[in-house]
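Trainee: This is structure_13.pdb (PDB, C-alpha atoms).
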```pdb
ATOM      1  CA  MET E1441      36.786  99.058  63.061
ATOM      2  CA  THR E1442      40.372  98.350  61.980
ATOM      3  CA  HIS E1443      41.072  98.007  58.272
ATOM      4  CA  SER E1444      44.132  96.177  56.926
ATOM      5  CA  ALA E1445      46.199  97.895  54.237
ATOM      6  CA  GLY E1446      47.818  96.047  51.370
ATOM      7  CA  ILE E1447      49.480  96.713  48.033
ATOM      8  CA  LEU E1448      46.936  96.607  45.203
ATOM      9  CA  GLY E1449      49.239  97.588  42.339
ATOM     10  CA  VAL E1450      52.873  98.373  41.540
ATOM     11  CA  GLY E1451      54.685 100.363  38.878
ATOM     12  CA  ALA E1452      58.102 101.800  38.065
ATOM     13  CA  TYR E1453      59.793 104.137  35.619
ATOM     14  CA  VAL E1454      63.469 104.659  34.823
ATOM     15  CA  PRO E1455      64.813 107.185  32.320
ATOM     16  CA  GLU E1456      65.798 106.168  28.809
ATOM     17  CA  THR E1457      69.433 107.324  28.980
ATOM     18  CA  VAL E1458      71.863 104.673  30.210
ATOM     19  CA  CYS E1459      75.116 105.922  31.724
ATOM     20  CA  THR E1460      77.709 103.162  32.024
ATOM     21  CA  ASN E1461      80.797 103.248  34.180
ATOM     22  CA  GLN E1462      82.840 103.788  31.032
ATOM     23  CA  ASP E1463      80.666 106.804  30.203
ATOM     24  CA  ILE E1464      81.680 108.297  33.549
ATOM     25  CA  VAL E1465      85.350 107.636  32.783
ATOM     26  CA  ASN E1466      84.815 109.345  29.438
ATOM     27  CA  ARG E1467      83.520 112.410  31.275
ATOM     28  CA  GLY E1468      87.020 112.802  32.702
ATOM     29  CA  VAL E1469      86.326 111.369  36.169
ATOM     30  CA  ASN E1470      89.413 109.715  37.683
ATOM     31  CA  THR E1471      87.992 106.213  38.042
ATOM     32  CA  SER E1472      87.486 102.954  36.144
ATOM     33  CA  HIS E1473      84.745 100.413  35.538
ATOM     34  CA  ASP E1474      86.442  97.838  37.766
ATOM     35  CA  TRP E1475      87.011 100.346  40.578
ATOM     36  CA  ILE E1476      83.323 101.315  40.621
ATOM     37  CA  VAL E1477      82.063  97.732  40.466
ATOM     38  CA  GLU E1478      84.387  96.570  43.235
ATOM     39  CA  ARG E1479      83.283  99.306  45.631
ATOM     40  CA  THR E1480      79.595  99.660  44.760
ATOM     41  CA  GLY E1481      78.366  96.830  42.525
ATOM     42  CA  ILE E1482      77.156  99.396  39.990
ATOM     43  CA  HIS E1483      77.677  98.788  36.260
ATOM     44  CA  ALA E1484      75.295 101.465  34.949
ATOM     45  CA  ARG E1485      72.658 103.956  36.020
ATOM     46  CA  ARG E1486      69.841 105.875  34.303
ATOM     47  CA  LEU E1487      70.051 109.657  33.916
ATOM     48  CA  ALA E1488      66.976 111.815  33.527
ATOM     49  CA  SER E1489      66.805 114.205  30.614
ATOM     50  CA  GLU E1490      65.469 117.738  31.002
ATOM     51  CA  HIS E1491      61.892 116.622  30.270
ATOM     52  CA  GLU E1492      62.115 113.652  32.669
ATOM     53  CA  THR E1493      61.417 115.697  35.760
ATOM     54  CA  THR E1494      60.582 114.195  39.133
ATOM     55  CA  THR E1495      56.917 114.882  38.380
ATOM     56  CA  TYR E1496      57.140 113.227  34.955
ATOM     57  CA  MET E1497      58.834 110.095  36.316
ATOM     58  CA  SER E1498      56.330 109.948  39.171
ATOM     59  CA  GLU E1499      53.399 110.181  36.766
ATOM     60  CA  GLN E1500      54.735 107.357  34.595
ATOM     61  CA  ALA E1501      55.263 105.041  37.577
ATOM     62  CA  ALA E1502      51.852 106.001  38.968
ATOM     63  CA  ARG E1503      50.015 105.162  35.749
ATOM     64  CA  LYS E1504      51.600 101.703  35.743
ATOM     65  CA  ALA E1505      50.669 101.150  39.392
ATOM     66  CA  LEU E1506      47.073 102.224  38.769
ATOM     67  CA  ALA E1507      46.830  99.911  35.741
ATOM     68  CA  SER E1508      48.267  97.081  37.848
ATOM     69  CA  ALA E1509      45.602  97.733  40.478
ATOM     70  CA  GLY E1510      42.814  98.031  37.909
ATOM     71  CA  LEU E1511      41.957 101.525  39.110
ATOM     72  CA  ASN E1512      41.460 104.967  37.615
ATOM     73  CA  PRO E1513      43.064 108.153  38.973
ATOM     74  CA  GLN E1514      39.632 109.335  40.118
ATOM     75  CA  ASP E1515      39.442 106.304  42.441
ATOM     76  CA  LEU E1516      42.253 107.683  44.637
ATOM     77  CA  ASP E1517      41.631 109.203  48.054
ATOM     78  CA  MET E1518      45.161 110.600  48.458
ATOM     79  CA  ILE E1519      48.515 110.978  46.695
ATOM     80  CA  VAL E1520      51.812 110.950  48.609
ATOM     81  CA  VAL E1521      55.216 111.440  46.973
ATOM     82  CA  ALA E1522      58.448 110.631  48.819
ATOM     83  CA  THR E1523      61.216 112.737  47.285
ATOM     84  CA  THR E1524      64.156 114.969  48.133
ATOM     85  CA  THR E1525      64.460 116.342  44.603
ATOM     86  CA  PRO E1526      61.196 118.181  43.895
ATOM     87  CA  ASP E1527      60.923 120.165  40.691
ATOM     88  CA  TYR E1528      60.302 123.363  42.641
ATOM     89  CA  ARG E1529      62.615 124.549  45.399
ATOM     90  CA  GLY E1530      59.741 125.027  47.821
ATOM     91  CA  PHE E1531      56.289 124.647  46.300
ATOM     92  CA  PRO E1532      54.097 123.454  44.652
ATOM     93  CA  SER E1533      54.706 119.882  45.735
ATOM     94  CA  VAL E1534      55.406 117.066  43.316
ATOM     95  CA  ALA E1535      52.288 115.302  44.584
ATOM     96  CA  THR E1536      49.989 118.139  43.525
ATOM     97  CA  GLN E1537      51.634 118.256  40.094
ATOM     98  CA  VAL E1538      51.148 114.494  39.727
ATOM     99  CA  GLN E1539      47.521 114.925  40.739
ATOM    100  CA  VAL E1540      46.988 117.349  37.859
ATOM    101  CA  ALA E1541      48.915 115.195  35.380
ATOM    102  CA  LEU E1542      46.851 112.130  36.282
ATOM    103  CA  GLY E1543      43.532 113.955  36.411
ATOM    104  CA  ALA E1544      42.923 112.681  39.933
ATOM    105  CA  GLY E1545      40.425 115.330  40.986
ATOM    106  CA  SER E1546      40.865 117.211  44.251
ATOM    107  CA  CYS E1547      42.070 114.446  46.563
ATOM    108  CA  PRO E1548      44.688 115.528  49.147
ATOM    109  CA  ALA E1549      48.248 115.412  47.813
ATOM    110  CA  TRP E1550      51.507 116.062  49.631
ATOM    111  CA  ASP E1551      55.257 115.357  49.605
ATOM    112  CA  LEU E1552      57.261 113.485  52.229
ATOM    113  CA  SER E1553      60.989 114.043  52.813
ATOM    114  CA  ALA E1554      62.957 111.214  54.415
ATOM    115  CA  ALA E1555      65.678 110.799  51.763
ATOM    116  CA  CYS E1556      66.388 107.181  50.790
ATOM    117  CA  SER E1557      64.048 105.966  53.565
ATOM    118  CA  GLY E1558      61.157 107.873  52.037
ATOM    119  CA  PHE E1559      59.269 104.897  50.668
ATOM    120  CA  VAL E1560      59.315 102.994  53.972
ATOM    121  CA  TYR E1561      58.301 106.127  55.890
ATOM    122  CA  GLY E1562      55.462 106.624  53.412
ATOM    123  CA  LEU E1563      54.454 102.978  53.698
ATOM    124  CA  ASP E1564      54.125 103.377  57.469
ATOM    125  CA  VAL E1565      52.104 106.596  57.314
ATOM    126  CA  VAL E1566      49.763 105.512  54.506
ATOM    127  CA  THR E1567      49.154 102.121  56.113
ATOM    128  CA  ARG E1568      48.072 103.807  59.344
ATOM    129  CA  LEU E1569      45.799 106.210  57.470
ATOM    130  CA  ILE E1570      44.056 103.317  55.724
ATOM    131  CA  GLU E1571      43.863 101.288  58.935
ATOM    132  CA  SER E1572      42.141 104.238  60.618
ATOM    133  CA  GLY E1573      39.288 103.929  58.128
ATOM    134  CA  GLY E1574      39.699 107.460  56.827
ATOM    135  CA  TYR E1575      41.073 106.479  53.417
ATOM    136  CA  GLN E1576      40.504 103.517  51.127
ATOM    137  CA  ARG E1577      42.931 103.858  48.190
ATOM    138  CA  VAL E1578      46.183 105.828  48.383
ATOM    139  CA  LEU E1579      48.855 106.272  45.721
ATOM    140  CA  LEU E1580      52.348 106.221  47.245
ATOM    141  CA  ILE E1581      55.163 107.278  44.915
ATOM    142  CA  ALA E1582      58.891 107.479  45.574
ATOM    143  CA  ALA E1583      60.921 109.402  43.008
ATOM    144  CA  ASP E1584      64.303 111.090  42.851
ATOM    145  CA  ARG E1585      66.471 112.807  40.264
ATOM    146  CA  LEU E1586      69.772 112.942  42.100
ATOM    147  CA  SER E1587      71.934 112.924  38.979
ATOM    148  CA  HIS E1588      71.096 116.632  38.753
ATOM    149  CA  ARG E1589      72.386 117.145  42.292
ATOM    150  CA  VAL E1590      75.858 115.641  41.984
ATOM    151  CA  ASP E1591      79.166 117.303  41.224
ATOM    152  CA  TRP E1592      80.417 115.341  38.215
ATOM    153  CA  SER E1593      84.008 115.998  39.271
ATOM    154  CA  ASP E1594      83.419 114.339  42.665
ATOM    155  CA  ARG E1595      84.258 110.662  42.222
ATOM    156  CA  SER E1596      82.792 109.700  45.604
ATOM    157  CA  THR E1597      79.249 110.713  44.635
ATOM    158  CA  CYS E1598      78.867 110.945  40.852
ATOM    159  CA  ILE E1599      79.409 107.200  40.392
ATOM    160  CA  LEU E1600      76.572 106.283  42.765
ATOM    161  CA  PHE E1601      73.361 107.990  41.882
ATOM    162  CA  GLY E1602      70.790 107.310  39.193
ATOM    163  CA  ASP E1603      67.250 108.543  38.581
ATOM    164  CA  GLY E1604      63.908 106.783  38.704
ATOM    165  CA  ALA E1605      60.489 106.408  40.267
ATOM    166  CA  GLY E1606      58.442 103.626  41.790
ATOM    167  CA  ALA E1607      54.819 103.613  42.877
ATOM    168  CA  VAL E1608      52.330 101.467  44.728
ATOM    169  CA  VAL E1609      48.590 101.746  45.246
ATOM    170  CA  LEU E1610      47.681 100.846  48.804
ATOM    171  CA  GLY E1611      44.164  99.932  49.783
ATOM    172  CA  ARG E1612      42.000  97.929  52.147
ATOM    173  CA  VAL E1613      42.489  94.168  52.044
ATOM    174  CA  ASP E1614      40.779  91.317  53.873
ATOM    175  CA  THR E1615      43.958  89.347  54.591
ATOM    176  CA  GLY E1616      47.702  89.976  54.583
ATOM    177  CA  GLY E1617      49.014  93.373  53.596
ATOM    178  CA  VAL E1618      51.460  95.565  55.519
ATOM    179  CA  VAL E1619      51.681  93.785  58.852
ATOM    180  CA  ALA E1620      54.476  95.744  60.567
ATOM    181  CA  THR E1621      56.758  98.742  60.179
ATOM    182  CA  ALA E1622      59.604 100.082  62.307
ATOM    183  CA  LEU E1623      60.943 103.607  61.716
ATOM    184  CA  HIS E1624      63.925 105.422  63.230
ATOM    185  CA  ALA E1625      66.036 108.545  62.802
ATOM    186  CA  ASP E1626      69.172 110.031  64.356
ATOM    187  CA  GLY E1627      69.832 113.636  63.420
ATOM    188  CA  ALA E1628      73.263 113.487  65.048
ATOM    189  CA  HIS E1629      74.465 111.844  61.832
ATOM    190  CA  GLY E1630      72.955 114.508  59.596
ATOM    191  CA  SER E1631      76.282 115.912  58.466
ATOM    192  CA  ILE E1632      77.577 112.668  56.918
ATOM    193  CA  LEU E1633      75.193 112.916  53.970
ATOM    194  CA  SER E1634      73.647 116.218  52.974
ATOM    195  CA  LEU E1635      72.493 118.348  50.061
ATOM    196  CA  PRO E1636      73.512 121.936  50.862
ATOM    197  CA  ASN E1637      72.021 125.037  49.272
ATOM    198  CA  ASP E1638      75.439 126.300  48.261
ATOM    199  CA  PRO E1639      76.985 124.580  46.453
ATOM    200  CA  PRO E1640      73.839 122.603  45.518
ATOM    201  CA  TYR E1641      75.574 119.246  45.307
ATOM    202  CA  ILE E1642      75.452 116.098  47.417
ATOM    203  CA  ASP E1643      78.111 116.042  50.131
ATOM    204  CA  MET E1644      78.889 112.598  51.539
ATOM    205  CA  ASP E1645      81.303 111.009  53.975
ATOM    206  CA  GLY E1646      81.146 107.558  52.394
ATOM    207  CA  GLN E1647      82.923 105.633  55.152
ATOM    208  CA  SER E1648      80.674 107.081  57.862
ATOM    209  CA  VAL E1649      77.524 106.390  55.845
ATOM    210  CA  PHE E1650      78.641 102.788  55.350
ATOM    211  CA  LYS E1651      79.292 102.288  59.072
ATOM    212  CA  VAL E1652      75.954 103.773  60.168
ATOM    213  CA  ALA E1653      74.024 101.865  57.498
ATOM    214  CA  VAL E1654      75.439  98.428  58.294
ATOM    215  CA  ASN E1655      74.696  98.984  61.981
ATOM    216  CA  CYS E1656      71.046  99.932  61.482
ATOM    217  CA  VAL E1657      69.829  97.616  58.715
ATOM    218  CA  VAL E1658      69.789  94.246  60.479
ATOM    219  CA  PRO E1659      68.371  95.450  63.845
ATOM    220  CA  SER E1660      65.588  97.302  62.026
ATOM    221  CA  VAL E1661      64.653  94.214  59.995
ATOM    222  CA  LEU E1662      64.627  92.050  63.119
ATOM    223  CA  GLU E1663      62.498  94.632  64.947
ATOM    224  CA  ALA E1664      59.894  94.717  62.174
ATOM    225  CA  LEU E1665      59.792  90.924  61.961
ATOM    226  CA  ASP E1666      59.326  90.703  65.718
ATOM    227  CA  LEU E1667      56.431  93.179  65.555
ATOM    228  CA  ALA E1668      54.890  90.983  62.853
ATOM    229  CA  GLY E1669      55.348  87.853  64.955
ATOM    230  CA  LEU E1670      57.735  86.390  62.387
ATOM    231  CA  THR E1671      61.387  85.353  62.171
ATOM    232  CA  VAL E1672      64.062  85.522  59.497
ATOM    233  CA  SER E1673      63.259  81.956  58.455
ATOM    234  CA  ASP E1674      59.794  83.154  57.390
ATOM    235  CA  VAL E1675      61.171  85.694  54.894
ATOM    236  CA  ASP E1676      60.586  84.856  51.234
ATOM    237  CA  TRP E1677      61.824  88.106  49.683
ATOM    238  CA  PHE E1678      64.215  90.791  50.940
ATOM    239  CA  ILE E1679      64.206  94.178  49.178
ATOM    240  CA  PRO E1680      66.805  96.549  50.630
ATOM    241  CA  HIS E1681      67.452 100.116  49.566
ATOM    242  CA  GLN E1682      69.968  99.841  46.722
ATOM    243  CA  ALA E1683      72.735 102.071  48.081
ATOM    244  CA  ASN E1684      75.776  99.851  47.812
ATOM    245  CA  GLN E1685      76.183  96.157  46.997
ATOM    246  CA  ARG E1686      78.532  95.686  49.940
ATOM    247  CA  ILE E1687      75.930  96.991  52.394
ATOM    248  CA  MET E1688      73.290  94.668  50.952
ATOM    249  CA  ASP E1689      75.627  91.668  50.986
ATOM    250  CA  HIS E1690      76.581  92.399  54.590
ATOM    251  CA  ALA E1691      72.917  92.569  55.600
ATOM    252  CA  ILE E1692      71.845  89.327  53.952
ATOM    253  CA  LYS E1693      74.879  87.525  55.399
ATOM    254  CA  LYS E1694      74.129  88.768  58.927
ATOM    255  CA  LEU E1695      70.473  87.823  58.566
ATOM    256  CA  GLY E1696      71.419  84.385  57.266
ATOM    257  CA  LEU E1697      69.221  84.658  54.171
ATOM    258  CA  PRO E1698      70.065  82.925  50.885
ATOM    259  CA  ALA E1699      71.335  85.353  48.268
ATOM    260  CA  ASP E1700      68.553  84.386  45.843
ATOM    261  CA  ARG E1701      65.953  85.858  48.225
ATOM    262  CA  MET E1702      67.345  89.361  47.798
ATOM    263  CA  VAL E1703      65.958  91.590  45.057
ATOM    264  CA  CYS E1704      68.839  93.521  43.505
ATOM    265  CA  HIS E1705      68.960  96.043  40.666
ATOM    266  CA  ILE E1706      71.802  98.336  41.756
ATOM    267  CA  ASP E1707      73.997  96.934  38.980
ATOM    268  CA  ARG E1708      71.626  98.383  36.345
ATOM    269  CA  TYR E1709      70.204 101.505  37.997
ATOM    270  CA  GLY E1710      72.658 102.623  40.680
ATOM    271  CA  ASN E1711      71.334 104.297  43.820
ATOM    272  CA  THR E1712      67.885 105.654  42.940
ATOM    273  CA  SER E1713      67.295 106.886  46.505
ATOM    274  CA  ALA E1714      63.692 106.585  47.742
ATOM    275  CA  ALA E1715      62.651 104.978  44.449
ATOM    276  CA  SER E1716      64.887 101.925  44.797
ATOM    277  CA  ILE E1717      62.538  99.810  46.947
ATOM    278  CA  PRO E1718      59.339 100.321  44.915
ATOM    279  CA  ILE E1719      61.323  99.780  41.698
ATOM    280  CA  GLY E1720      62.413  96.470  43.225
ATOM    281  CA  LEU E1721      58.823  95.644  44.152
ATOM    282  CA  ALA E1722      57.604  96.399  40.645
ATOM    283  CA  GLU E1723      60.312  94.320  38.973
ATOM    284  CA  ALA E1724      60.060  91.308  41.290
ATOM    285  CA  SER E1725      56.345  91.172  42.092
ATOM    286  CA  ALA E1726      55.562  88.820  39.215
ATOM    287  CA  GLN E1727      57.552  86.192  41.110
ATOM    288  CA  PHE E1728      55.685  86.710  44.396
ATOM    289  CA  LYS E1729      53.097  84.181  45.511
ATOM    290  CA  SER E1730      50.098  84.874  47.714
ATOM    291  CA  GLY E1731      51.231  84.594  51.324
ATOM    292  CA  ASP E1732      54.881  85.388  50.624
ATOM    293  CA  VAL E1733      56.605  87.421  53.327
ATOM    294  CA  VAL E1734      58.295  90.455  51.749
ATOM    295  CA  VAL E1735      60.659  92.552  53.880
ATOM    296  CA  VAL E1736      61.749  96.041  52.821
ATOM    297  CA  ILE E1737      64.437  98.175  54.471
ATOM    298  CA  GLY E1738      65.422 101.752  53.716
ATOM    299  CA  PHE E1739      68.205 103.939  55.092
ATOM    300  CA  GLY E1740      69.562 107.327  54.157
ATOM    301  CA  ALA E1741      70.294 110.942  54.893
ATOM    302  CA  GLY E1742      68.960 112.463  58.047
ATOM    303  CA  PHE E1743      70.030 109.914  59.224
ATOM    304  CA  THR E1744      66.816 107.928  58.705
ATOM    305  CA  TRP E1745      66.038 104.245  58.459
ATOM    306  CA  GLY E1746      63.108 101.878  58.659
ATOM    307  CA  ALA E1747      61.826  98.424  57.754
ATOM    308  CA  GLY E1748      58.488  97.008  56.749
ATOM    309  CA  VAL E1749      56.975  93.535  56.554
ATOM    310  CA  ILE E1750      54.400  92.817  53.856
ATOM    311  CA  LEU E1751      52.333  89.643  53.642
ATOM    312  CA  TRP E1752      51.732  89.511  49.892
ATOM    313  CA  GLN E1753      48.147  89.025  48.836
TER
END
```
Would you put the structure from the file into structure tokens?

Mentor:
Amino acid sequence: MTHSAGILGVGAYVPETVCTNQDIVNRGVNTSHDWIVERTGIHARRLASEHETTTYMSEQAARKALASAGLNPQDLDMIVVATTTPDYRGFPSVATQVQVALGAGSCPAWDLSAACSGFVYGLDVVTRLIESGGYQRVLLIAADRLSHRVDWSDRSTCILFGDGAGAVVLGRVDTGGVVATALHADGAHGSILSLPNDPPYIDMDGQSVFKVAVNCVVPSVLEALDLAGLTVSDVDWFIPHQANQRIMDHAIKKLGLPADRMVCHIDRYGNTSAASIPIGLAEASAQFKSGDVVVVIGFGAGFTWGAGVILWQ
């Protein structure tokens, strides 16, 4: 028997510390507020303190998602965390640490690494696990703390990244839910965005990332819609990964969607990597109506990308 998987609850957490563009200028970075806004759309981002680890942010987002779903941690059958900034270099995983923090018993828990596409990759995998009948309620978290992985003298990267976490509880639903996903990767572009061991800072070829991203976003969205038997005209909400305002504007223009259908928070939070889509879901979901078609699209280092179509229930 096939079981449909849908989103039962949503939650998000962003750190308390706000870092404005002027704060970055005050750090001695050769830039300006206007320069950053013109090229990225970012006005501010949140920076995690020492105690706001990836595990801590994940736990906070998870508790909100569980409360939204009306569930307890013990109700979970699995915990998955999409992150590229775990608290430990190798192990234990963030997911197992979240399991302990929540008091979720001994359910399976594991991390997924697909950079900024992590949430969409996780959405695909968890949906298929629930559809198989093996699991009923799965907590999917996406969290990153990239502000601790940037060189604050590198203008091309330090202006972009913020910290945060988003979470959803996925479970069996009678109607709607995640109706299609389309994932891709091309390792040939791996060198344009990487996080080396030495020095341990993000290395990015911004122009190349922009070119690859704009060429993969629209085709991936159209592919997922086609798999769902839908068209662009059916889309009620569009939640792209918040990497750069210009990339998002290009995508919505090419798709022919009205600007007010796009969920956008890059101006306040910057690029929160894998967390950006579930943060968008958590912030916008109060506006969703039953039956709304919600499209998500992620893209990032690897190079990875993927889209998903959710029929909100």

Trainee: Kindly assemble as JSON lines a list of the stretch 1475-1526 of chain E residues that lie within 8 Å of stretch 1566-1590 of chain E, each paired with its nearest atom pair and their distance in Å to one decimal, using all atoms listed in the file, sorted first by chain and then by ascending residue number.

Mentor:
```
{"residue": "E:Leu1487", "atom": "CA", "partner": "E:Ser1587", "partner_atom": "CA", "distance": 6.3}
{"residue": "E:Ala1488", "atom": "CA", "partner": "E:Arg1585", "partner_atom": "CA", "distance": 6.8}
{"residue": "E:Thr1493", "atom": "CA", "partner": "E:Arg1585", "partner_atom": "CA", "distance": 7.4}
{"residue": "E:Thr1494", "atom": "CA", "partner": "E:Asp1584", "partner_atom": "CA", "distance": 6.1}
{"residue": "E:Met1497", "atom": "CA", "partner": "E:Ala1583", "partner_atom": "CA", "distance": 7.0}
{"residue": "E:Ser1498", "atom": "CA", "partner": "E:Ala1583", "partner_atom": "CA", "distance": 6.0}
{"residue": "E:Ala1501", "atom": "CA", "partner": "E:Ile1581", "partner_atom": "CA", "distance": 7.7}
{"residue": "E:Ala1502", "atom": "CA", "partner": "E:Ile1581", "partner_atom": "CA", "distance": 6.9}
{"residue": "E:Asp1515", "atom": "CA", "partner": "E:Arg1577", "partner_atom": "CA", "distance": 7.2}
{"residue": "E:Leu1516", "atom": "CA", "partner": "E:Arg1577", "partner_atom": "CA", "distance": 5.3}
{"residue": "E:Asp1517", "atom": "CA", "partner": "E:Arg1577", "partner_atom": "CA", "distance": 5.5}
{"residue": "E:Met1518", "atom": "CA", "partner": "E:Val1578", "partner_atom": "CA", "distance": 4.9}
{"residue": "E:Ile1519", "atom": "CA", "partner": "E:Leu1579", "partner_atom": "CA", "distance": 4.8}
{"residue": "E:Val1520", "atom": "CA", "partner": "E:Leu1580", "partner_atom": "CA", "distance": 5.0}
{"residue": "E:Val1521", "atom": "CA", "partner": "E:Ile1581", "partner_atom": "CA", "distance": 4.6}
{"residue": "E:Ala1522", "atom": "CA", "partner": "E:Ala1582", "partner_atom": "CA", "distance": 4.5}
{"residue": "E:Thr1523", "atom": "CA", "partner": "E:Ala1583", "partner_atom": "CA", "distance": 5.4}
{"residue": "E:Thr1524", "atom": "CA", "partner": "E:Asp1584", "partner_atom": "CA", "distance": 6.6}
{"residue": "E:Thr1525", "atom": "CA", "partner": "E:Asp1584", "partner_atom": "CA", "distance": 5.5}
{"residue": "E:Pro1526", "atom": "CA", "partner": "E:Asp1584", "partner_atom": "CA", "distance": 7.8}
```

Trainee: Can you work out the spacing between atom CA of E:Val1735 and atom CA of E:Gln1647 in Å, to one decimal?

Mentor: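 Separation of atom CA of E:Val1735 and atom CA of E:Gln1647: 25.9 Å.
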
Trainee: If I take atom CA of E:Glu1456 and atom CA of E:Phe1601, how far is one from the other in Å, to one decimal?

Mentor: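 Separation of atom CA of E:Glu1456 and atom CA of E:Phe1601: 15.2 Å.
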
Trainee: Evaluate the PyMOL selection byres ((chain E and resi 1660) around 9) here and jot the selected residues down as a list in words.

Mentor: Ala1622, Leu1623, His1624, Cys1656, Val1657, Val1658, Pro1659, Val1661, Leu1662, Glu1663, Ala1664, Leu1665, Ile1737, Trp1745, Gly1746, Ala1747 and Gly1748 of chain E

Trainee: For atom CA of E:Ala1724 and atom CA of E:Glu1490, determine how far apart the two atoms are, in Å to one decimal place.

Mentor: 28.9 Å

Trainee: Would you compute the box with edges along x, y and z of the file around stretch 1449-1454 of chain E, including every atom the file lists for it and 4 Å extra on each side, and give its centre and edge lengths in Å to one decimal, as AutoDock Vina command-line options?

Mentor:
```
--center_x 56.4 --center_y 101.1 --center_z 38.6 --size_x 22.2 --size_y 15.1 --size_z 15.5
```

Trainee: Evaluate the PyMOL selection byres ((chain E and resi 1727-1732) around 7) and record the selected residues as a tab-separated table (two decimals) with C-alpha atoms, in the coordinates of the input, following the chain and residue labels used in the document.

Mentor:
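Dumped to result-v8.tsv:
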```
chain	number	residue	atom	x	y	z
E	1676	ASP	CA	60.59	84.86	51.23
E	1724	ALA	CA	60.06	91.31	41.29
E	1725	SER	CA	56.34	91.17	42.09
E	1726	ALA	CA	55.56	88.82	39.22
E	1733	VAL	CA	56.60	87.42	53.33
E	1734	VAL	CA	58.30	90.46	51.75
E	1751	LEU	CA	52.33	89.64	53.64
E	1752	TRP	CA	51.73	89.51	49.89
E	1753	GLN	CA	48.15	89.02	48.84
```
